[in-house]
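Visitor: Structure in structure tokens, see below.
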Amino acid sequence: MVVIGRHNGNGDTAMTTSPTHPRPAVELTGFVDNYLYGCLPAAGCGVCTVLVKELEAARQAKDHGTAYDSAAEIRNHPHPAPRIRTR
């Protein structure tokens, strides 16, 4: 608990107590992982294939910075728009 001093205007300091952790922590299971590491590699892209392997290795090693960088590179990696065949 933390004791907080507060001046009440008449020269006295009122002391109040406040818990440091009023509520349990919020669990965001899955949400954070999907937000940070979610990406869709392009099928057949060699660069994306290498980055996916790097992402998986970094996540297993709990190297969160490298994992995020790999996922961001996959998301931002340019791919040509798919061609639509017309007759």
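Letters for chains follow the order of the structure tokens (A, B, ...), residue numbers begin at 1 for each chain, and ligand numbers begin at 1 in the order shown.
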What lies within 12 Å of Cys45 of chain A using only C-alpha atoms, ignoring chain neighbours under 5 positions off, as an NGL selection string?
Guide: :A and (40 or 50-52 or 74 or 77-80)
Visitor: Those same residues - all heavy atoms - I'd like them written as a PDB file, in the first residue's frame.
Guide:
ATOM      1  N   LEU A  40       0.946 -12.387 -43.027  1.00  0.00           N
ATOM      2  CA  LEU A  40       0.535 -13.334 -44.053  1.00  0.00           C
ATOM      3  C   LEU A  40       1.598 -13.350 -45.146  1.00  0.00           C
ATOM      4  O   LEU A  40       1.617 -12.469 -46.013  1.00  0.00           O
ATOM      5  CB  LEU A  40      -0.837 -12.948 -44.621  1.00  0.00           C
ATOM      6  CG  LEU A  40      -1.448 -13.909 -45.614  1.00  0.00           C
ATOM      7  CD1 LEU A  40      -1.645 -15.282 -44.982  1.00  0.00           C
ATOM      8  CD2 LEU A  40      -2.778 -13.369 -46.083  1.00  0.00           C
ATOM      9  N   VAL A  50      12.079 -17.218 -45.938  1.00  0.00           N
ATOM     10  CA  VAL A  50      13.210 -17.029 -45.020  1.00  0.00           C
ATOM     11  C   VAL A  50      12.766 -16.262 -43.777  1.00  0.00           C
ATOM     12  O   VAL A  50      13.140 -16.612 -42.651  1.00  0.00           O
ATOM     13  CB  VAL A  50      14.373 -16.307 -45.737  1.00  0.00           C
ATOM     14  CG1 VAL A  50      15.444 -15.886 -44.756  1.00  0.00           C
ATOM     15  CG2 VAL A  50      14.942 -17.176 -46.836  1.00  0.00           C
ATOM     16  N   LEU A  51      11.955 -15.232 -43.966  1.00  0.00           N
ATOM     17  CA  LEU A  51      11.498 -14.435 -42.828  1.00  0.00           C
ATOM     18  C   LEU A  51      10.595 -15.230 -41.893  1.00  0.00           C
ATOM     19  O   LEU A  51      10.641 -15.050 -40.671  1.00  0.00           O
ATOM     20  CB  LEU A  51      10.787 -13.174 -43.322  1.00  0.00           C
ATOM     21  CG  LEU A  51      11.693 -12.118 -43.948  1.00  0.00           C
ATOM     22  CD1 LEU A  51      10.864 -11.038 -44.635  1.00  0.00           C
ATOM     23  CD2 LEU A  51      12.601 -11.497 -42.892  1.00  0.00           C
ATOM     24  N   VAL A  52       9.783 -16.131 -42.444  1.00  0.00           N
ATOM     25  CA  VAL A  52       8.921 -16.969 -41.603  1.00  0.00           C
ATOM     26  C   VAL A  52       9.781 -17.884 -40.734  1.00  0.00           C
ATOM     27  O   VAL A  52       9.513 -18.062 -39.544  1.00  0.00           O
ATOM     28  CB  VAL A  52       7.925 -17.780 -42.467  1.00  0.00           C
ATOM     29  CG1 VAL A  52       7.278 -18.895 -41.660  1.00  0.00           C
ATOM     30  CG2 VAL A  52       6.863 -16.874 -43.037  1.00  0.00           C
ATOM     31  N   ILE A  74       7.641  -9.095 -43.057  1.00  0.00           N
ATOM     32  CA  ILE A  74       6.716  -9.881 -43.880  1.00  0.00           C
ATOM     33  C   ILE A  74       5.506  -9.042 -44.246  1.00  0.00           C
ATOM     34  O   ILE A  74       5.059  -9.032 -45.397  1.00  0.00           O
ATOM     35  CB  ILE A  74       6.287 -11.174 -43.148  1.00  0.00           C
ATOM     36  CG1 ILE A  74       7.489 -12.108 -42.986  1.00  0.00           C
ATOM     37  CG2 ILE A  74       5.158 -11.872 -43.884  1.00  0.00           C
ATOM     38  CD1 ILE A  74       7.250 -13.277 -42.042  1.00  0.00           C
ATOM     39  N   HIS A  77       6.655  -6.369 -46.797  1.00  0.00           N
ATOM     40  CA  HIS A  77       7.376  -6.816 -47.981  1.00  0.00           C
ATOM     41  C   HIS A  77       6.483  -6.653 -49.220  1.00  0.00           C
ATOM     42  O   HIS A  77       5.376  -7.179 -49.252  1.00  0.00           O
ATOM     43  CB  HIS A  77       7.793  -8.287 -47.811  1.00  0.00           C
ATOM     44  CG  HIS A  77       8.564  -8.842 -48.945  1.00  0.00           C
ATOM     45  ND1 HIS A  77       9.835  -8.421 -49.243  1.00  0.00           N
ATOM     46  CD2 HIS A  77       8.249  -9.781 -49.858  1.00  0.00           C
ATOM     47  CE1 HIS A  77      10.271  -9.088 -50.292  1.00  0.00           C
ATOM     48  NE2 HIS A  77       9.328  -9.914 -50.685  1.00  0.00           N
ATOM     49  N   PRO A  78       6.966  -5.939 -50.232  1.00  0.00           N
ATOM     50  CA  PRO A  78       6.118  -5.695 -51.407  1.00  0.00           C
ATOM     51  C   PRO A  78       5.989  -6.937 -52.287  1.00  0.00           C
ATOM     52  O   PRO A  78       6.954  -7.670 -52.495  1.00  0.00           O
ATOM     53  CB  PRO A  78       6.859  -4.579 -52.155  1.00  0.00           C
ATOM     54  CG  PRO A  78       8.286  -4.745 -51.754  1.00  0.00           C
ATOM     55  CD  PRO A  78       8.272  -5.287 -50.348  1.00  0.00           C
ATOM     56  N   HIS A  79       4.810  -7.158 -52.761  1.00  0.00           N
ATOM     57  CA  HIS A  79       4.535  -8.237 -53.709  1.00  0.00           C
ATOM     58  C   HIS A  79       3.695  -7.655 -54.833  1.00  0.00           C
ATOM     59  O   HIS A  79       2.825  -6.823 -54.588  1.00  0.00           O
ATOM     60  CB  HIS A  79       3.770  -9.371 -53.047  1.00  0.00           C
ATOM     61  CG  HIS A  79       4.535 -10.042 -51.971  1.00  0.00           C
ATOM     62  ND1 HIS A  79       4.349  -9.758 -50.650  1.00  0.00           N
ATOM     63  CD2 HIS A  79       5.546 -10.954 -52.023  1.00  0.00           C
ATOM     64  CE1 HIS A  79       5.188 -10.472 -49.926  1.00  0.00           C
ATOM     65  NE2 HIS A  79       5.930 -11.210 -50.730  1.00  0.00           N
ATOM     66  N   PRO A  80       3.957  -8.100 -56.057  1.00  0.00           N
ATOM     67  CA  PRO A  80       3.128  -7.602 -57.152  1.00  0.00           C
ATOM     68  C   PRO A  80       1.684  -8.085 -56.985  1.00  0.00           C
ATOM     69  O   PRO A  80       1.450  -9.147 -56.416  1.00  0.00           O
ATOM     70  CB  PRO A  80       3.773  -8.197 -58.404  1.00  0.00           C
ATOM     71  CG  PRO A  80       4.592  -9.345 -57.920  1.00  0.00           C
ATOM     72  CD  PRO A  80       4.956  -9.050 -56.490  1.00  0.00           C
TER      73      PRO A  80
END
Visitor: Looking at A:Leu36, A:Ala71, A:Pro41, A:Gly30, which one is nearest to Glu56 of chain A, with distances taken over only C-alpha atoms?
Guide: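 Nearest candidate to Glu56 of chain A out of A:Leu36, A:Ala71, A:Pro41, A:Gly30: A:Ala71.
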Visitor: Please run DSSP on the backbone and report, as JSON, numbers by chain, all residues within segment 21-87 of chain A that come out as alpha helix (DSSP H).
Guide: {"A": [31, 32, 33, 34, 35, 36, 37, 46, 47, 48, 49, 50, 51, 52, 53, 54, 55, 56, 57, 58, 59, 60, 64, 65, 66, 67, 68, 69, 70, 71, 72, 73, 74, 75, 76]}
Visitor: Nearest to Arg75 of chain A among A:Leu55, A:Ala61, A:Gly38, A:Gly44, with distances taken over only C-alpha atoms: which residue is it?
Guide: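 That would be A:Gly38, the residue with the smallest distance to Arg75 of chain A.
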Visitor: Between atom CA of Thr49 of chain A and atom CA of Arg85 of chain A, what is the spacing in Å?
Guide: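 Rounded to one decimal, the two atoms are 26.3 Å apart.
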Visitor: Using atom CA of Glu54 of chain A and atom CA of Ser70 of chain A as the two end points, give the distance in Å to one decimal.
Guide: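 Atom-to-atom, atom CA of Glu54 of chain A to atom CA of Ser70 of chain A, that is 6.7 Å.
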Visitor: Interatomic distance between atom CA of Asn76 of chain A and atom CA of Val32 of chain A?
Guide: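 These two atoms are separated by 19.0 Å.
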